[in-house]
Amino acid sequence: MLFSRGFSRIPRNSLSSCYRWFLSHRQYHQQSLLSNKFLSPTDHTRKVLGCREIYSWDLPALHGVRHQIHHESSSIVEERLDPFSLVADELSILANRLRAMVVAEMKIQVPKLASAAEYFFKMGVEGKRFRPTVLLLMATALNVSIPEAAHAGLGDALATELRTRQQCIAEITEMIHVASLLHDDVLDDADTRRGIGSLNFVMGNKLAVLAGDFLLSRACVALASLKNTEVVSLLARVVEHLVTGETMQMTTTSEQRCSMEYYMQKTYYKTASLISNSCKAIALLAGQTAEVAMLAYEYGKNLGLAFQLIDDVLDFTGTSASLGKGSLSDIRHGIVTAPILFALEEFPQLRTVIDRGFDNPADVDLALDYLGKSRGIQKTRELATKHASLAAAAIDSLPDSDDEDVLRSRRALVDLTHRVITRTK
C-alpha cells in the first residue's frame, strides 16, 4: 500500500489551525499591502533558471490606494454567506447561454464536434463554476454609479449593458478553462474528469484536441464582440500563459524541477493567470481606475495560487471519489508539486528520487515516505493560507461603498478565500 509508511502520518484535518493563522495574520498582510509600490508582472522580471519572467511570490505591492477596512467584510466569521447562492440565478442564465454558444449551428453541421465541445457544459457535469462565480461577484463588488449617466437618465440602461458585458467575460473565462482541461487531459493521458470519463477517454485524443480548439475559437469570437482592445489583450495573454505553463511543466531541467520559485511561476501561468486577468477585465469594463483594477487582479492571482496549492495537497490526501479524478496523479506523472518541494527542504536526499522521475513505483513510495516524515503538507497549507489572506486584503482595500449589494459581494469574495483553503475536493 502506498500509504503504509510515513505518509500515513500526514495530518488531513489541520485546517482549523490554518484558518486561525489566516485570521491572526490578515491585518499584518493588509498593512503590508499598503507599504509598497505596485509591481505588475510586466514591471518585475528577472532571469531565474532559464525562465524569462519570474514574479515575486511574497507580499504583492499595492501603492496609492487608501487602506479601507469594511466592517462588513471583516466580520466574515460572524456572518457567513454562500457566495454561490448570491449569483445562482445568473449562473443558470450563463450556463444556458454557454451551452447555446458552444453548440450553435454545429449540431447540424458537425454534430460530433458539437457533442464533444459541450461535453463538460451539460447539466450535472458543469463543475463548481467557481470562476464565473468569482467574476460575477467581482462585478457587483466593483459596481459604482456613473454620475454623468445618472444625470442624463441613462444609468439603468448603461448598468444593464455593463452587466451583460461582464457576464460575457465570465462565459469567455469558462470556455478557456474547459478548453485547457480538455487539452491537459490529452497531455496527461487522463481517463477521468469531474467524476466521469474524460473526453479523450470517451471520444479519443483527436476529437478532444479539436473540441478544445473549438472552445478557444468561440471564446475569441465572444472576446472580439466586446470591442475593448485592452481586455482582448489581457485574455489573449492568458491563453499564451496556459501554453507557456504547460510547456514549462513538460520541459523542466533538474534544477527547475526542484525550484519552488519556478514551480510558483508555472502555477501562475497554468492556474492563476486566467482568474487574475479575468478579474482585472471585469474592473476595466466597469471603467475603474488602474489601482482598483490592480486590486481585482491581486485578488484573482492570490486566490488562484491558493486554489492550486490546496489542489497539490488534495492530490496526496484526497481520494479519487472526492476529487473526481485519480489521486496521486501528479507524482505518478513525474510532476513535482509544492508538498514534495517543501519535503525536499527538510530531506535533501529526496533530490535523488526526484531526479529519477518516479517511473518506478518504489520511488513513488519512497517520496511519500519522505513526505510523511516532513512538514510538506502543512507548509503547503500555510502558503495557501498566506495567499488567501492576501486575496482577502485586496478586497478590504477597495474604495468605500455604502451599497448593500456591493458590500455583500465583497463579503462573499472574502468568504471564498476561506472556502478555497478549507475545501476537501
# chains A, B, ... in the order shown; residues from 1 in each chain; ligands from 1
$ closest_atom_pairs --of "region 237-344 of chain A" --to "region 215-233 of chain A" --cutoff "12 Å" --atoms "only C-alpha atoms" --output "JSON lines"
{"residue": "A:Arg237", "atom": "CA", "partner": "A:Ser233", "partner_atom": "CA", "distance": 6.1}
{"residue": "A:Val238", "atom": "CA", "partner": "A:Ser233", "partner_atom": "CA", "distance": 8.7}
{"residue": "A:Val239", "atom": "CA", "partner": "A:Leu216", "partner_atom": "CA", "distance": 8.7}
{"residue": "A:Glu240", "atom": "CA", "partner": "A:Ser233", "partner_atom": "CA", "distance": 10.6}
{"residue": "A:Leu242", "atom": "CA", "partner": "A:Leu216", "partner_atom": "CA", "distance": 11.9}
{"residue": "A:Asn277", "atom": "CA", "partner": "A:Val231", "partner_atom": "CA", "distance": 8.7}
{"residue": "A:Ser278", "atom": "CA", "partner": "A:Val231", "partner_atom": "CA", "distance": 8.5}
{"residue": "A:Cys279", "atom": "CA", "partner": "A:Val231", "partner_atom": "CA", "distance": 10.5}
{"residue": "A:Lys280", "atom": "CA", "partner": "A:Val231", "partner_atom": "CA", "distance": 8.5}
{"residue": "A:Ala281", "atom": "CA", "partner": "A:Val231", "partner_atom": "CA", "distance": 5.5}
{"residue": "A:Ile282", "atom": "CA", "partner": "A:Val231", "partner_atom": "CA", "distance": 8.7}
{"residue": "A:Ala283", "atom": "CA", "partner": "A:Val231", "partner_atom": "CA", "distance": 9.9}
{"residue": "A:Leu284", "atom": "CA", "partner": "A:Val231", "partner_atom": "CA", "distance": 7.3}
{"residue": "A:Leu285", "atom": "CA", "partner": "A:Val231", "partner_atom": "CA", "distance": 7.8}
{"residue": "A:Ala286", "atom": "CA", "partner": "A:Val231", "partner_atom": "CA", "distance": 11.4}
{"residue": "A:Gly287", "atom": "CA", "partner": "A:Asn228", "partner_atom": "CA", "distance": 11.5}
{"residue": "A:Ala293", "atom": "CA", "partner": "A:Val231", "partner_atom": "CA", "distance": 11.6}
$ select_by_dssp --residues "region 249-363 of chain A" --states "helix (DSSP H, G or I)" --output "VMD selection string"
chain A and resid 249 to 250 254 to 257 260 to 285 290 to 317 320 to 323 329 to 332 338 to 346 350 to 356 361 to 363
$ write_last_selection --atoms "C-alpha atoms" --output "PDB file, in the first residue's frame"
ATOM      1  CA  GLN A 249       5.901  21.602 -16.859  1.00  0.00           C
ATOM      2  CA  MET A 250       6.888  19.303 -19.727  1.00  0.00           C
ATOM      3  CA  SER A 254      16.677  19.028 -12.930  1.00  0.00           C
ATOM      4  CA  GLU A 255      17.280  22.391 -11.255  1.00  0.00           C
ATOM      5  CA  GLN A 256      13.924  23.793 -12.304  1.00  0.00           C
ATOM      6  CA  ARG A 257      12.015  20.763 -11.043  1.00  0.00           C
ATOM      7  CA  MET A 260       9.835  26.481  -5.612  1.00  0.00           C
ATOM      8  CA  GLU A 261      10.108  29.800  -7.443  1.00  0.00           C
ATOM      9  CA  TYR A 262       9.977  28.091 -10.831  1.00  0.00           C
ATOM     10  CA  TYR A 263       7.041  25.980  -9.640  1.00  0.00           C
ATOM     11  CA  MET A 264       5.071  29.027  -8.477  1.00  0.00           C
ATOM     12  CA  GLN A 265       5.769  30.804 -11.755  1.00  0.00           C
ATOM     13  CA  LYS A 266       4.435  27.801 -13.649  1.00  0.00           C
ATOM     14  CA  THR A 267       1.420  27.670 -11.314  1.00  0.00           C
ATOM     15  CA  TYR A 268       0.657  31.307 -12.044  1.00  0.00           C
ATOM     16  CA  TYR A 269       0.727  30.619 -15.777  1.00  0.00           C
ATOM     17  CA  LYS A 270      -1.355  27.414 -15.608  1.00  0.00           C
ATOM     18  CA  THR A 271      -3.902  28.390 -12.970  1.00  0.00           C
ATOM     19  CA  ALA A 272      -3.797  31.920 -11.565  1.00  0.00           C
ATOM     20  CA  SER A 273      -3.332  33.952 -14.757  1.00  0.00           C
ATOM     21  CA  LEU A 274      -6.832  33.149 -16.042  1.00  0.00           C
ATOM     22  CA  ILE A 275      -8.745  34.209 -12.934  1.00  0.00           C
ATOM     23  CA  SER A 276      -6.500  37.194 -12.130  1.00  0.00           C
ATOM     24  CA  ASN A 277      -6.656  38.726 -15.605  1.00  0.00           C
ATOM     25  CA  SER A 278     -10.376  37.987 -15.880  1.00  0.00           C
ATOM     26  CA  CYS A 279     -10.957  39.842 -12.594  1.00  0.00           C
ATOM     27  CA  LYS A 280      -8.937  42.740 -13.992  1.00  0.00           C
ATOM     28  CA  ALA A 281     -11.017  42.648 -17.180  1.00  0.00           C
ATOM     29  CA  ILE A 282     -14.182  42.971 -15.086  1.00  0.00           C
ATOM     30  CA  ALA A 283     -12.732  46.110 -13.476  1.00  0.00           C
ATOM     31  CA  LEU A 284     -11.616  47.598 -16.797  1.00  0.00           C
ATOM     32  CA  LEU A 285     -15.042  47.137 -18.368  1.00  0.00           C
ATOM     33  CA  ALA A 290      -5.747  51.393 -12.614  1.00  0.00           C
ATOM     34  CA  GLU A 291      -5.341  50.998  -8.844  1.00  0.00           C
ATOM     35  CA  VAL A 292      -8.721  49.303  -8.423  1.00  0.00           C
ATOM     36  CA  ALA A 293      -8.089  47.128 -11.472  1.00  0.00           C
ATOM     37  CA  MET A 294      -4.816  46.013  -9.882  1.00  0.00           C
ATOM     38  CA  LEU A 295      -6.610  45.151  -6.626  1.00  0.00           C
ATOM     39  CA  ALA A 296      -9.015  42.971  -8.632  1.00  0.00           C
ATOM     40  CA  TYR A 297      -6.012  41.368 -10.333  1.00  0.00           C
ATOM     41  CA  GLU A 298      -4.254  40.730  -6.996  1.00  0.00           C
ATOM     42  CA  TYR A 299      -7.388  39.125  -5.584  1.00  0.00           C
ATOM     43  CA  GLY A 300      -7.632  36.752  -8.538  1.00  0.00           C
ATOM     44  CA  LYS A 301      -3.920  35.963  -8.592  1.00  0.00           C
ATOM     45  CA  ASN A 302      -3.686  35.086  -4.910  1.00  0.00           C
ATOM     46  CA  LEU A 303      -6.985  33.201  -4.904  1.00  0.00           C
ATOM     47  CA  GLY A 304      -5.785  31.186  -7.900  1.00  0.00           C
ATOM     48  CA  LEU A 305      -2.452  30.373  -6.275  1.00  0.00           C
ATOM     49  CA  ALA A 306      -4.169  29.337  -3.027  1.00  0.00           C
ATOM     50  CA  PHE A 307      -6.579  27.153  -5.011  1.00  0.00           C
ATOM     51  CA  GLN A 308      -3.775  25.307  -6.793  1.00  0.00           C
ATOM     52  CA  LEU A 309      -1.717  24.841  -3.632  1.00  0.00           C
ATOM     53  CA  ILE A 310      -4.687  23.159  -1.958  1.00  0.00           C
ATOM     54  CA  ASP A 311      -5.092  21.060  -5.114  1.00  0.00           C
ATOM     55  CA  ASP A 312      -1.477  19.978  -4.570  1.00  0.00           C
ATOM     56  CA  VAL A 313      -2.339  18.913  -1.028  1.00  0.00           C
ATOM     57  CA  LEU A 314      -5.526  17.091  -2.034  1.00  0.00           C
ATOM     58  CA  ASP A 315      -3.635  15.099  -4.652  1.00  0.00           C
ATOM     59  CA  PHE A 316      -1.880  13.437  -1.702  1.00  0.00           C
ATOM     60  CA  THR A 317      -4.609  13.462   0.949  1.00  0.00           C
ATOM     61  CA  SER A 320     -10.314   9.509  -6.280  1.00  0.00           C
ATOM     62  CA  ALA A 321     -14.018   9.619  -5.446  1.00  0.00           C
ATOM     63  CA  SER A 322     -13.842  13.025  -3.761  1.00  0.00           C
ATOM     64  CA  LEU A 323     -11.579  14.590  -6.384  1.00  0.00           C
ATOM     65  CA  SER A 329      -1.949  11.826 -10.207  1.00  0.00           C
ATOM     66  CA  ASP A 330       0.841  14.408 -10.306  1.00  0.00           C
ATOM     67  CA  ILE A 331       3.613  12.379  -8.738  1.00  0.00           C
ATOM     68  CA  ARG A 332       2.742   9.329 -10.841  1.00  0.00           C
ATOM     69  CA  ALA A 338       4.677  22.124  -3.513  1.00  0.00           C
ATOM     70  CA  PRO A 339       4.392  19.411  -0.800  1.00  0.00           C
ATOM     71  CA  ILE A 340       7.310  17.458  -2.294  1.00  0.00           C
ATOM     72  CA  LEU A 341       9.348  20.658  -2.737  1.00  0.00           C
ATOM     73  CA  PHE A 342       8.844  21.550   0.923  1.00  0.00           C
ATOM     74  CA  ALA A 343       9.755  17.991   1.927  1.00  0.00           C
ATOM     75  CA  LEU A 344      12.921  18.355  -0.151  1.00  0.00           C
ATOM     76  CA  GLU A 345      13.963  21.299   2.016  1.00  0.00           C
ATOM     77  CA  GLU A 346      13.926  19.013   5.067  1.00  0.00           C
ATOM     78  CA  LEU A 350      14.878  13.276  -1.743  1.00  0.00           C
ATOM     79  CA  ARG A 351      16.599  15.062  -4.647  1.00  0.00           C
ATOM     80  CA  THR A 352      17.991  11.765  -5.915  1.00  0.00           C
ATOM     81  CA  VAL A 353      14.493  10.276  -6.029  1.00  0.00           C
ATOM     82  CA  ILE A 354      13.115  13.342  -7.841  1.00  0.00           C
ATOM     83  CA  ASP A 355      15.888  13.188 -10.419  1.00  0.00           C
ATOM     84  CA  ARG A 356      14.950   9.595 -11.244  1.00  0.00           C
ATOM     85  CA  PRO A 361       6.518   2.731  -8.158  1.00  0.00           C
ATOM     86  CA  ALA A 362       9.146   2.113  -5.472  1.00  0.00           C
ATOM     87  CA  ASP A 363      10.356   5.691  -5.946  1.00  0.00           C
TER      88      ASP A 363
END
$ closest_residue --among "A:Val243, A:Leu142, A:Ala116, A:Leu234" --to "Asn200 (chain A)" --atoms "only C-alpha atoms"
A:Ala116
$ closest_residue --among "A:Ser92, A:Thr252, A:Ser389, A:Thr192" --to "Ser327 (chain A)" --atoms "only C-alpha atoms"
A:Thr192
$ atom_distance --atom1 "CA of Leu368 (chain A)" --atom2 "CA of Leu383 (chain A)"
20.1 Å
$ select_by_dssp --residues "region 128-334 of chain A" --states "strand (DSSP E)" --output "list in words"
Thr192, Arg193, Ile196 and Gly197 of chain A
$ closest_residue --among "A:Ala412, A:Ala208, A:Arg381, A:Leu135" --to "Asp396 (chain A)" --atoms "only C-alpha atoms"
A:Ala412
$ atom_distance --atom1 "CA of Tyr370 (chain A)" --atom2 "CA of Gly334 (chain A)"
16.0 Å
$ residues_around --residues "Ile395 (chain A)" --least-positions-apart "4" --cutoff "9 Å" --atoms "only C-alpha atoms" --output "VMD selection string"
chain A and resid 69 73 141 295 to 296 299 390 to 391 410 to 411 413 to 414
$ write_last_selection --atoms "C-alpha atoms" --output "PDB file, in the first residue's frame"
ATOM      1  CA  ILE A  69     -11.401  48.046   6.050  1.00  0.00           C
ATOM      2  CA  SER A  73     -16.175  42.173   5.049  1.00  0.00           C
ATOM      3  CA  ALA A 141     -18.203  44.299  -5.709  1.00  0.00           C
ATOM      4  CA  LEU A 295      -6.610  45.151  -6.626  1.00  0.00           C
ATOM      5  CA  ALA A 296      -9.015  42.971  -8.632  1.00  0.00           C
ATOM      6  CA  TYR A 299      -7.388  39.125  -5.584  1.00  0.00           C
ATOM      7  CA  LEU A 390      -3.550  38.451   0.573  1.00  0.00           C
ATOM      8  CA  ALA A 391      -6.621  37.969  -1.635  1.00  0.00           C
ATOM      9  CA  ARG A 410     -17.237  41.786  -1.114  1.00  0.00           C
ATOM     10  CA  ARG A 411     -18.021  39.662   1.946  1.00  0.00           C
ATOM     11  CA  LEU A 413     -15.374  37.203  -2.140  1.00  0.00           C
ATOM     12  CA  VAL A 414     -13.609  37.171   1.231  1.00  0.00           C
TER      13      VAL A 414
END
